[in-house]
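Asks: Structure: my_file.pdb, PDB, C-alpha atoms.
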MODEL        1
ATOM      1  CA  MET A  21       8.443  16.280  27.409
ATOM      2  CA  LYS A  22      11.801  15.852  25.778
ATOM      3  CA  TYR A  23      10.114  15.156  22.425
ATOM      4  CA  ILE A  24       9.146  18.812  22.164
ATOM      5  CA  TYR A  25      12.765  19.868  22.237
ATOM      6  CA  GLU A  26      13.664  17.023  19.849
ATOM      7  CA  LEU A  27      11.006  18.144  17.408
ATOM      8  CA  HIS A  28      12.156  21.726  17.710
ATOM      9  CA  LYS A  29      15.752  20.670  17.087
ATOM     10  CA  THR A  30      14.795  18.594  14.027
ATOM     11  CA  MET A  31      12.910  21.517  12.565
ATOM     12  CA  LEU A  32      15.893  23.810  13.029
ATOM     13  CA  GLN A  33      18.361  21.270  11.658
ATOM     14  CA  ARG A  34      16.244  20.701   8.573
ATOM     15  CA  ASN A  35      15.517  24.410   8.137
ATOM     16  CA  LEU A  36      11.787  23.746   8.286
ATOM     17  CA  ILE A  37       9.791  26.967   8.342
ATOM     18  CA  LEU A  38       6.403  25.313   8.318
ATOM     19  CA  VAL A  39       5.126  21.875   9.248
ATOM     20  CA  TYR A  40       1.499  20.816   9.205
ATOM     21  CA  GLU A  41       0.280  17.382  10.180
ATOM     22  CA  GLY A  42      -3.344  16.296  10.224
ATOM     23  CA  GLU A  43      -6.507  16.643   8.236
ATOM     24  CA  PHE A  44      -6.323  18.423   4.856
ATOM     25  CA  THR A  45      -9.160  20.563   3.538
ATOM     26  CA  GLN A  46      -9.480  23.572   1.234
ATOM     27  CA  GLU A  47      -9.723  25.846   4.298
ATOM     28  CA  ILE A  48      -6.502  24.437   5.698
ATOM     29  CA  THR A  49      -4.864  24.757   2.280
ATOM     30  CA  LYS A  50      -5.719  28.454   2.267
ATOM     31  CA  SER A  51      -4.339  28.948   5.791
ATOM     32  CA  VAL A  52      -1.098  27.131   5.028
ATOM     33  CA  LEU A  53      -0.676  29.137   1.816
ATOM     34  CA  SER A  54      -1.215  32.427   3.563
ATOM     35  CA  MET A  55       1.258  31.535   6.330
ATOM     36  CA  ALA A  56       3.904  30.626   3.771
ATOM     37  CA  GLU A  57       3.189  33.796   1.793
ATOM     38  CA  ARG A  58       3.533  35.957   4.882
ATOM     39  CA  ASN A  59       6.777  34.221   5.745
ATOM     40  CA  MET A  60       8.203  34.881   2.277
ATOM     41  CA  ASP A  61       6.943  38.482   2.305
ATOM     42  CA  SER A  62       8.576  39.133   5.656
ATOM     43  CA  ILE A  63      11.994  38.238   4.298
ATOM     44  CA  GLY A  64      11.365  40.118   1.056
ATOM     45  CA  GLU A  65      11.563  37.040  -1.143
ATOM     46  CA  GLU A  66      11.614  37.755  -4.881
ATOM     47  CA  SER A  67       8.177  37.695  -6.446
ATOM     48  CA  ASN A  68       9.273  35.210  -9.074
ATOM     49  CA  ILE A  69      10.350  32.665  -6.485
ATOM     50  CA  LYS A  70       7.350  33.398  -4.287
ATOM     51  CA  ARG A  71       5.032  32.591  -7.183
ATOM     52  CA  LYS A  72       6.771  29.301  -7.906
ATOM     53  CA  VAL A  73       6.671  28.220  -4.266
ATOM     54  CA  PHE A  74       2.987  29.183  -4.078
ATOM     55  CA  ASN A  75       2.278  27.263  -7.256
ATOM     56  CA  VAL A  76       3.937  24.049  -6.155
ATOM     57  CA  MET A  77       2.339  24.324  -2.705
ATOM     58  CA  VAL A  78      -1.161  24.583  -4.166
ATOM     59  CA  GLU A  79      -0.754  21.512  -6.355
ATOM     60  CA  CYS A  80       0.800  19.560  -3.516
ATOM     61  CA  LEU A  81      -1.849  20.533  -0.948
ATOM     62  CA  GLN A  82      -4.797  20.069  -3.288
ATOM     63  CA  ASN A  83      -3.483  16.653  -4.282
ATOM     64  CA  ILE A  84      -3.647  15.620  -0.653
ATOM     65  CA  VAL A  85      -7.095  17.180  -0.148
ATOM     66  CA  LYS A  86      -8.461  15.258  -3.141
ATOM     67  CA  HIS A  87      -6.836  12.055  -2.037
ATOM     68  CA  TYR A  88      -7.998  12.588   1.536
ATOM     69  CA  GLU A  89     -11.606  13.142   0.518
ATOM     70  CA  GLU A  90     -11.822   9.816  -1.240
ATOM     71  CA  ASN A  91     -10.978   7.951   1.949
ATOM     72  CA  GLU A  92     -13.980   6.444   3.631
ATOM     73  CA  ALA A  93     -13.042   7.260   7.163
ATOM     74  CA  PRO A  94     -11.255  10.584   7.118
ATOM     75  CA  SER A  95     -11.317  10.734  10.908
ATOM     76  CA  ASP A  96      -9.001   7.751  10.959
ATOM     77  CA  ARG A  97      -5.608   8.950  12.124
ATOM     78  CA  ASN A  98      -4.000   6.579   9.643
ATOM     79  CA  HIS A  99      -5.270   8.843   6.927
ATOM     80  CA  SER A 100      -3.670  12.012   8.175
ATOM     81  CA  ALA A 101      -0.953  13.554   6.054
ATOM     82  CA  ILE A 102       2.028  15.821   6.519
ATOM     83  CA  PHE A 103       3.206  18.889   4.659
ATOM     84  CA  LEU A 104       6.555  20.630   5.164
ATOM     85  CA  ILE A 105       8.447  23.585   3.756
ATOM     86  CA  GLY A 106      12.171  23.942   4.222
ATOM     87  CA  LYS A 107      13.937  27.191   3.457
ATOM     88  CA  HIS A 108      17.632  26.931   2.718
ATOM     89  CA  GLN A 109      20.209  29.407   1.553
ATOM     90  CA  ASN A 110      19.768  28.452  -2.107
ATOM     91  CA  GLU A 111      16.427  26.712  -2.307
ATOM     92  CA  TYR A 112      13.000  25.966  -0.933
ATOM     93  CA  ILE A 113      12.096  22.334  -0.389
ATOM     94  CA  ILE A 114       8.409  21.488  -0.425
ATOM     95  CA  THR A 115       7.534  18.035   0.852
ATOM     96  CA  SER A 116       4.336  16.142   1.405
ATOM     97  CA  GLY A 117       3.683  12.707   2.823
ATOM     98  CA  ASN A 118       0.466  10.734   2.901
ATOM     99  CA  PRO A 119      -0.724   7.147   3.103
ATOM    100  CA  ILE A 120      -2.033   5.675  -0.142
ATOM    101  CA  ASN A 121      -3.385   2.313  -1.248
ATOM    102  CA  LEU A 122      -0.566  -0.057  -2.014
ATOM    103  CA  ASP A 123      -2.074  -0.820  -5.417
ATOM    104  CA  LYS A 124      -1.532   2.802  -6.487
ATOM    105  CA  VAL A 125       2.225   2.686  -6.001
ATOM    106  CA  ASP A 126       3.080   1.393  -9.483
ATOM    107  CA  MET A 127       0.820   3.890 -11.218
ATOM    108  CA  LEU A 128       2.316   6.821  -9.297
ATOM    109  CA  LYS A 129       5.855   5.572  -9.740
ATOM    110  CA  ASN A 130       5.372   5.226 -13.512
ATOM    111  CA  LYS A 131       3.854   8.678 -13.751
ATOM    112  CA  LEU A 132       6.648  10.299 -11.761
ATOM    113  CA  ASP A 133       9.379   8.423 -13.653
ATOM    114  CA  GLN A 134       7.825   9.465 -16.937
ATOM    115  CA  ILE A 135       7.798  13.115 -15.820
ATOM    116  CA  ASN A 136      11.354  12.928 -14.474
ATOM    117  CA  GLY A 137      12.504  11.515 -17.808
ATOM    118  CA  LEU A 138      11.326  14.572 -19.731
ATOM    119  CA  ASP A 139      13.102  17.843 -20.427
ATOM    120  CA  LYS A 140      11.461  21.277 -20.527
ATOM    121  CA  GLU A 141      10.015  20.787 -24.009
ATOM    122  CA  GLY A 142       8.875  17.251 -23.259
ATOM    123  CA  LEU A 143       7.011  18.459 -20.172
ATOM    124  CA  LYS A 144       5.339  21.183 -22.189
ATOM    125  CA  THR A 145       4.176  18.654 -24.782
ATOM    126  CA  LEU A 146       2.864  16.308 -22.090
ATOM    127  CA  TYR A 147       1.044  19.168 -20.383
ATOM    128  CA  LYS A 148      -0.692  20.185 -23.602
ATOM    129  CA  GLU A 149      -1.585  16.605 -24.399
ATOM    130  CA  ILE A 150      -3.207  16.052 -20.999
ATOM    131  CA  ILE A 151      -5.070  19.355 -20.926
ATOM    132  CA  LYS A 152      -6.468  18.743 -24.409
ATOM    133  CA  ASN A 153      -7.479  15.113 -24.013
ATOM    134  CA  ASN A 154      -8.266  14.432 -20.355
ATOM    135  CA  ASP A 155     -11.494  15.270 -18.596
ATOM    136  CA  LEU A 156     -11.505  16.251 -14.956
ATOM    137  CA  SER A 157     -11.572  13.281 -12.602
ATOM    138  CA  GLU A 158     -14.523  12.709 -10.293
ATOM    139  CA  LYS A 159     -12.549  14.435  -7.588
ATOM    140  CA  GLY A 160     -11.989  17.403  -9.867
ATOM    141  CA  GLY A 161      -8.327  16.768 -10.608
ATOM    142  CA  ALA A 162      -6.936  17.637 -14.013
ATOM    143  CA  GLY A 163      -4.168  15.011 -13.875
ATOM    144  CA  LEU A 164      -1.699  17.849 -14.369
ATOM    145  CA  GLY A 165      -0.444  18.415 -10.830
ATOM    146  CA  PHE A 166       2.864  16.541 -11.011
ATOM    147  CA  VAL A 167       3.639  17.835 -14.510
ATOM    148  CA  ASP A 168       3.006  21.381 -13.356
ATOM    149  CA  MET A 169       5.160  20.930 -10.245
ATOM    150  CA  ALA A 170       8.013  19.658 -12.411
ATOM    151  CA  ARG A 171       7.630  22.515 -14.871
ATOM    152  CA  LYS A 172       7.465  25.261 -12.256
ATOM    153  CA  SER A 173      10.384  23.933 -10.244
ATOM    154  CA  GLY A 174      12.528  23.117 -13.273
ATOM    155  CA  GLN A 175      13.943  20.176 -11.296
ATOM    156  CA  LYS A 176      13.249  16.472 -10.875
ATOM    157  CA  LEU A 177      10.548  15.402  -8.425
ATOM    158  CA  ALA A 178      11.975  13.268  -5.645
ATOM    159  CA  TYR A 179       9.726  10.581  -4.241
ATOM    160  CA  ASP A 180       9.647   7.592  -1.954
ATOM    161  CA  PHE A 181       7.186   4.835  -1.058
ATOM    162  CA  GLU A 182       7.372   3.164   2.330
ATOM    163  CA  LYS A 183       5.290   0.028   2.647
ATOM    164  CA  LEU A 184       3.275   0.180   5.873
ATOM    165  CA  ASN A 185       1.268  -3.050   5.649
ATOM    166  CA  ASP A 186      -0.453  -5.278   3.074
ATOM    167  CA  THR A 187      -2.768  -2.535   1.876
ATOM    168  CA  THR A 188      -1.056   0.769   2.564
ATOM    169  CA  ALA A 189       2.100   2.606   1.610
ATOM    170  CA  PHE A 190       3.366   5.998   2.709
ATOM    171  CA  PHE A 191       4.020   8.259  -0.262
ATOM    172  CA  SER A 192       6.540  11.100   0.120
ATOM    173  CA  LEU A 193       7.031  13.688  -2.582
ATOM    174  CA  GLN A 194       9.615  16.448  -2.644
ATOM    175  CA  THR A 195       9.941  19.448  -4.960
ATOM    176  CA  THR A 196      12.881  21.822  -4.911
ATOM    177  CA  ILE A 197      12.693  25.436  -5.990
ATOM    178  CA  SER A 198      15.932  27.248  -6.539
ATOM    179  CA  ARG A 199      16.409  30.686  -4.993
ATOM    180  CA  GLU A 200      19.172  31.513  -7.455
ATOM    181  CA  PRO A 201      17.636  33.949  -9.931
ATOM    182  CA  SER A 202      20.047  32.858 -12.675
ATOM    183  CA  GLU A 203      18.572  29.388 -12.799
ATOM    184  CA  LEU A 204      15.030  30.558 -13.423
TER     185      LEU A 204
ATOM    186  CA  MET B  25     -28.684  40.164 -21.155
ATOM    187  CA  GLU B  26     -28.026  40.018 -17.421
ATOM    188  CA  ILE B  27     -24.617  40.881 -16.008
ATOM    189  CA  LEU B  28     -22.575  38.178 -14.336
ATOM    190  CA  ASN B  29     -20.534  39.720 -11.578
ATOM    191  CA  LEU B  30     -18.542  37.686  -9.050
ATOM    192  CA  GLU B  31     -16.468  39.242  -6.316
ATOM    193  CA  GLY B  32     -13.003  37.760  -6.149
ATOM    194  CA  ALA B  33     -11.873  35.869  -3.063
ATOM    195  CA  GLU B  34      -8.680  34.360  -1.728
ATOM    196  CA  ASP B  35      -9.130  31.313  -3.930
ATOM    197  CA  THR B  36     -11.518  32.451  -6.653
ATOM    198  CA  PRO B  37     -11.105  35.106  -9.357
ATOM    199  CA  LYS B  38     -13.113  38.256  -9.895
ATOM    200  CA  ILE B  39     -15.377  37.902 -12.901
ATOM    201  CA  ILE B  40     -17.387  40.458 -14.848
ATOM    202  CA  LEU B  41     -19.363  39.510 -17.931
ATOM    203  CA  ASP B  42     -21.365  42.499 -19.162
ATOM    204  CA  LYS B  43     -22.634  42.386 -22.717
ATOM    205  CA  ASN B  44     -24.124  45.907 -22.851
ATOM    206  CA  ASN B  45     -20.958  47.613 -21.670
ATOM    207  CA  GLY B  46     -18.696  45.213 -23.544
ATOM    208  CA  ILE B  47     -16.776  44.097 -20.439
ATOM    209  CA  PHE B  48     -15.614  40.482 -20.266
ATOM    210  CA  GLU B  49     -12.943  39.923 -17.667
ATOM    211  CA  ILE B  50     -11.521  37.254 -15.379
ATOM    212  CA  SER B  51      -8.867  38.446 -12.939
ATOM    213  CA  GLY B  52      -7.064  37.474  -9.756
ATOM    214  CA  ARG B  53      -6.398  34.026  -8.334
ATOM    215  CA  SER B  54      -8.106  30.821  -9.266
ATOM    216  CA  LEU B  55      -7.689  27.766  -7.062
ATOM    217  CA  PRO B  56     -11.229  26.835  -6.064
ATOM    218  CA  GLU B  57     -11.890  23.560  -4.331
ATOM    219  CA  ASP B  58     -14.162  22.477  -7.180
ATOM    220  CA  SER B  59     -13.199  24.273 -10.363
ATOM    221  CA  ALA B  60     -15.907  22.643 -12.528
ATOM    222  CA  GLU B  61     -18.591  23.836 -10.114
ATOM    223  CA  PHE B  62     -17.102  27.318  -9.890
ATOM    224  CA  TYR B  63     -16.841  27.855 -13.650
ATOM    225  CA  ARG B  64     -20.197  26.284 -14.549
ATOM    226  CA  PRO B  65     -22.167  29.610 -14.424
ATOM    227  CA  ILE B  66     -19.496  31.293 -16.553
ATOM    228  CA  LEU B  67     -19.713  28.597 -19.205
ATOM    229  CA  GLU B  68     -23.524  28.800 -19.106
ATOM    230  CA  TRP B  69     -23.437  32.578 -19.474
ATOM    231  CA  LEU B  70     -21.095  32.297 -22.445
ATOM    232  CA  GLY B  71     -23.376  29.707 -24.022
ATOM    233  CA  LYS B  72     -26.245  32.239 -23.938
ATOM    234  CA  TYR B  73     -24.006  35.097 -25.064
ATOM    235  CA  GLY B  74     -22.835  33.013 -28.024
ATOM    236  CA  ALA B  75     -26.427  32.918 -29.320
ATOM    237  CA  SER B  76     -26.431  36.717 -29.852
ATOM    238  CA  PRO B  77     -22.960  38.144 -29.315
ATOM    239  CA  ASN B  78     -21.742  41.710 -29.833
ATOM    240  CA  PRO B  79     -20.113  42.254 -33.255
ATOM    241  CA  LYS B  80     -16.737  42.264 -31.524
ATOM    242  CA  THR B  81     -15.742  40.808 -28.151
ATOM    243  CA  SER B  82     -12.464  41.341 -26.357
ATOM    244  CA  PHE B  83     -12.172  38.829 -23.541
ATOM    245  CA  VAL B  84      -9.671  39.801 -20.843
ATOM    246  CA  PHE B  85      -7.711  37.318 -18.733
ATOM    247  CA  LYS B  86      -5.735  39.080 -16.025
ATOM    248  CA  LEU B  87      -4.803  36.223 -13.763
ATOM    249  CA  GLU B  88      -2.220  36.353 -11.062
ATOM    250  CA  TYR B  89      -2.326  32.624 -10.451
ATOM    251  CA  PHE B  90      -4.382  29.593 -11.417
ATOM    252  CA  ASN B  91      -4.081  25.948 -10.404
ATOM    253  CA  THR B  92      -4.060  23.023 -12.825
ATOM    254  CA  ALA B  93      -7.742  22.183 -12.290
ATOM    255  CA  SER B  94      -8.585  25.780 -13.256
ATOM    256  CA  SER B  95      -6.355  25.567 -16.320
ATOM    257  CA  LYS B  96      -8.586  22.802 -17.637
ATOM    258  CA  LEU B  97     -11.642  25.030 -17.158
ATOM    259  CA  ILE B  98      -9.888  28.014 -18.745
ATOM    260  CA  LEU B  99      -9.402  25.851 -21.804
ATOM    261  CA  ASP B 100     -13.132  24.997 -21.683
ATOM    262  CA  ILE B 101     -13.921  28.727 -21.616
ATOM    263  CA  LEU B 102     -11.576  29.361 -24.535
ATOM    264  CA  SER B 103     -13.201  26.553 -26.503
ATOM    265  CA  LYS B 104     -16.575  28.259 -25.957
ATOM    266  CA  LEU B 105     -15.105  31.609 -27.036
ATOM    267  CA  GLU B 106     -13.675  29.994 -30.133
ATOM    268  CA  ASP B 107     -17.201  29.444 -31.492
ATOM    269  CA  ILE B 108     -18.180  33.099 -31.078
ATOM    270  CA  PRO B 109     -17.512  35.297 -34.134
ATOM    271  CA  GLY B 110     -15.523  38.522 -33.621
ATOM    272  CA  MET B 111     -13.742  37.097 -30.579
ATOM    273  CA  SER B 112     -10.279  38.111 -29.399
ATOM    274  CA  VAL B 113      -8.414  37.455 -26.153
ATOM    275  CA  MET B 114      -6.297  39.914 -24.181
ATOM    276  CA  TRP B 115      -3.920  37.959 -21.979
ATOM    277  CA  TYR B 116      -2.371  40.085 -19.244
ATOM    278  CA  TYR B 117       0.598  38.986 -17.178
ATOM    279  CA  ASN B 118       2.854  40.603 -14.636
ATOM    280  CA  GLU B 119       5.951  41.745 -16.481
ATOM    281  CA  ASP B 120       8.277  39.489 -14.492
ATOM    282  CA  ASP B 121       5.951  36.479 -14.618
ATOM    283  CA  GLU B 122       7.310  34.303 -17.406
ATOM    284  CA  ASP B 123       5.199  31.330 -16.340
ATOM    285  CA  MET B 124       1.966  33.301 -16.823
ATOM    286  CA  GLN B 125       3.186  34.574 -20.175
ATOM    287  CA  GLU B 126       4.028  31.039 -21.266
ATOM    288  CA  ALA B 127       0.664  29.750 -20.026
ATOM    289  CA  GLY B 128      -1.063  32.296 -22.251
ATOM    290  CA  GLU B 129       1.074  31.351 -25.213
ATOM    291  CA  GLU B 130       0.218  27.694 -24.712
ATOM    292  CA  PHE B 131      -3.500  28.425 -24.556
ATOM    293  CA  SER B 132      -3.194  30.476 -27.731
ATOM    294  CA  GLU B 133      -1.704  27.427 -29.457
ATOM    295  CA  LEU B 134      -4.621  25.249 -28.345
ATOM    296  CA  VAL B 135      -7.453  27.380 -29.758
ATOM    297  CA  GLU B 136      -8.120  29.353 -32.911
ATOM    298  CA  ILE B 137      -8.609  32.791 -31.381
ATOM    299  CA  PRO B 138      -6.361  35.825 -31.862
ATOM    300  CA  PHE B 139      -4.457  36.536 -28.643
ATOM    301  CA  GLU B 140      -2.947  39.836 -27.671
ATOM    302  CA  PHE B 141      -0.395  39.863 -24.838
ATOM    303  CA  LYS B 142      -0.007  42.743 -22.424
ATOM    304  CA  THR B 143       1.959  43.263 -19.229
ATOM    305  CA  TYR B 144       0.676  45.001 -16.128
TER     306      TYR B 144
ENDMDL
END
Let's see the structure in the file written out as structure tokens.
Replies:
Amino acid sequence: MKYIYELHKTMLQRNLILVYEGEFTQEITKSVLSMAERNMDSIGEESNIKRKVFNVMVECLQNIVKHYEENEAPSDRNHSAIFLIGKHQNEYIITSGNPINLDKVDMLKNKLDQINGLDKEGLKTLYKEIIKNNDLSEKGGAGLGFVDMARKSGQKLAYDFEKLNDTTAFFSLQTTISREPSEL
Amino acid sequence: MEILNLEGAEDTPKIILDKNNGIFEISGRSLPEDSAEFYRPILEWLGKYGASPNPKTSFVFKLEYFNTASSKLILDILSKLEDIPGMSVMWYYNEDDEDMQEAGEEFSELVEIPFEFKTY
């Protein structure tokens, strides 16, 4: 049972205040959000920062829910995803990881690189362009999630793709939210 | 015209659309699982209201939070409002919530409706 202690140690070392691994649904999204909110309330986090963390969490979690629902066999353990929140002295780090089809890697990479290449004004323009011209996807996504995460955090989105096999890659996405009021 | 009244929930806003009493308000949090489905009755109600609106309508948005899928539907609502004569929007935001203020300003740039901004 050593792994329990190892897991515990990793969580402490990485300052993880919340880790969820498994199936993602709207109900689970709501539970995870309310746990994170309670955690931030209990330490008297500033409302400004709380709102930003909440915002990024919603987009992140709902992205996974939408992606998860399109999978044919959601009971398949290979389709489970992970969501983590780290709380550090100066920042919150919100991370998600989920398997995706390998053929989506380029599209996601291009989208994220495009977003990371834009400044505040550029992101605003892109946001307005998408909201005006794009219809909701079949899954109900507005195509605005990443742009919104970048805007709310005011920092670059970190990402990684780990090839798992010929059809699947593991997609990790990390958003940082500063706790320094001066940077907001 | 019948009143549309939805109780708010953890992930859906409170909505009152009442022609006779001149109350048109969306408030709270909006992150429904299916935003198109959630906002469909509101858009339908506004379609009917647009056929015989009050001489003046002040539509209140008092949102604490909305997700990106909802933002698309908010724009759909605003586009409907745009076609109704005598329309104005009151956009409320928490006084320390710059993001909500900016969101309102952006919406105001996307439609031809007078916006008034207020803090709460």
Asks: Counting all atoms listed in the file, which residues of chain B fall within 6 Å of chain A, and what is the closest atom pair for each with its distance in Å at one decimal, ordered by chain and rising number, as a tab-separated table?
Replies:
residue	atom	partner	partner_atom	distance
B:Thr92	CA	A:Leu164	CA	5.9
B:Ala93	CA	A:Ala162	CA	4.9
B:Lys96	CA	A:Ile151	CA	5.9
Asks: Okay, now the selection with C-alpha atoms, as a short mmCIF file (atom, residue, chain, number, x, y, z; two decimals), in the frame of the given file?
Replies:
data_model
loop_
_atom_site.label_atom_id
_atom_site.label_comp_id
_atom_site.auth_asym_id
_atom_site.auth_seq_id
_atom_site.Cartn_x
_atom_site.Cartn_y
_atom_site.Cartn_z
CA THR B 92 -4.06 23.02 -12.82
CA ALA B 93 -7.74 22.18 -12.29
CA LYS B 96 -8.59 22.80 -17.64
#
Asks: Between atom CA of A:Asp180 and atom CA of A:Gln194, what is the distance in Å, rounded to a tenth?
Replies: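 That distance, rounded to one decimal, is 8.9 Å.
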Asks: Hey, which of B:Leu87, B:Ile40, B:Leu28, B:Leu70 ends up closest to B:Asp121? Count all atoms listed in the file.
Replies: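 Between B:Leu87, B:Ile40, B:Leu28, B:Leu70, the residue approaching B:Asp121 most closely is B:Leu87.
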Asks: What's the separation between atom CA of B:Lys86 and atom CA of B:Ile50, in Å to one decimal place?
Replies: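 It comes out at 6.1 Å.
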Asks: Suppose a student applies the PyMOL selection byres ((chain B and resi 117) around 7) to this structure; what residues should they get, written as a PyMOL selection string?
Replies: chain B and resi 86-87+115-116+118-119+121+124-125+142-144
Asks: Go through the shown structure with the PyMOL selection byres ((chain A and resi 100-117) around 6) and write out the matching residues as a PyMOL selection string.
Replies: chain A and resi 35-43+97-99+118+191-199
Asks: When you get a chance, write out N, CA and C atoms for stretch 79-96 of chain B, as a short mmCIF file (atom, residue, chain, number, x, y, z; two decimals), in the frame of the given file.
Replies:
data_model
loop_
_atom_site.label_atom_id
_atom_site.label_comp_id
_atom_site.auth_asym_id
_atom_site.auth_seq_id
_atom_site.Cartn_x
_atom_site.Cartn_y
_atom_site.Cartn_z
N PRO B 79 -20.89 42.46 -32.03
CA PRO B 79 -20.11 42.25 -33.26
C PRO B 79 -18.65 41.93 -32.96
N LYS B 80 -18.11 42.57 -31.93
CA LYS B 80 -16.74 42.26 -31.52
C LYS B 80 -16.68 42.05 -30.02
N THR B 81 -15.89 41.06 -29.58
CA THR B 81 -15.74 40.81 -28.15
C THR B 81 -14.26 40.71 -27.82
N SER B 82 -13.83 41.47 -26.83
CA SER B 82 -12.46 41.34 -26.36
C SER B 82 -12.53 40.76 -24.95
N PHE B 83 -12.07 39.53 -24.83
CA PHE B 83 -12.17 38.83 -23.54
C PHE B 83 -10.84 38.95 -22.80
N VAL B 84 -10.90 39.51 -21.59
CA VAL B 84 -9.67 39.80 -20.84
C VAL B 84 -9.39 38.75 -19.77
N PHE B 85 -8.21 38.16 -19.82
CA PHE B 85 -7.71 37.32 -18.73
C PHE B 85 -6.59 38.09 -18.05
N LYS B 86 -6.77 38.34 -16.76
CA LYS B 86 -5.74 39.08 -16.02
C LYS B 86 -5.48 38.30 -14.74
N LEU B 87 -4.93 37.12 -14.91
CA LEU B 87 -4.80 36.22 -13.76
C LEU B 87 -3.42 36.32 -13.13
N GLU B 88 -3.46 36.30 -11.83
CA GLU B 88 -2.22 36.35 -11.06
C GLU B 88 -1.72 34.93 -10.84
N TYR B 89 -2.67 34.03 -10.67
CA TYR B 89 -2.33 32.62 -10.45
C TYR B 89 -3.55 31.75 -10.76
N PHE B 90 -3.31 30.58 -11.34
CA PHE B 90 -4.38 29.59 -11.42
C PHE B 90 -3.80 28.19 -11.24
N ASN B 91 -4.56 27.32 -10.62
CA ASN B 91 -4.08 25.95 -10.40
C ASN B 91 -4.38 25.09 -11.63
N THR B 92 -3.92 23.85 -11.62
CA THR B 92 -4.06 23.02 -12.82
C THR B 92 -5.52 22.66 -13.11
N ALA B 93 -6.33 22.49 -12.05
CA ALA B 93 -7.74 22.18 -12.29
C ALA B 93 -8.42 23.38 -12.97
N SER B 94 -8.03 24.59 -12.59
CA SER B 94 -8.59 25.78 -13.26
C SER B 94 -8.11 25.88 -14.69
N SER B 95 -6.88 25.45 -14.96
CA SER B 95 -6.36 25.57 -16.32
C SER B 95 -7.20 24.76 -17.29
N LYS B 96 -7.69 23.63 -16.82
CA LYS B 96 -8.59 22.80 -17.64
C LYS B 96 -9.88 23.57 -17.96
#
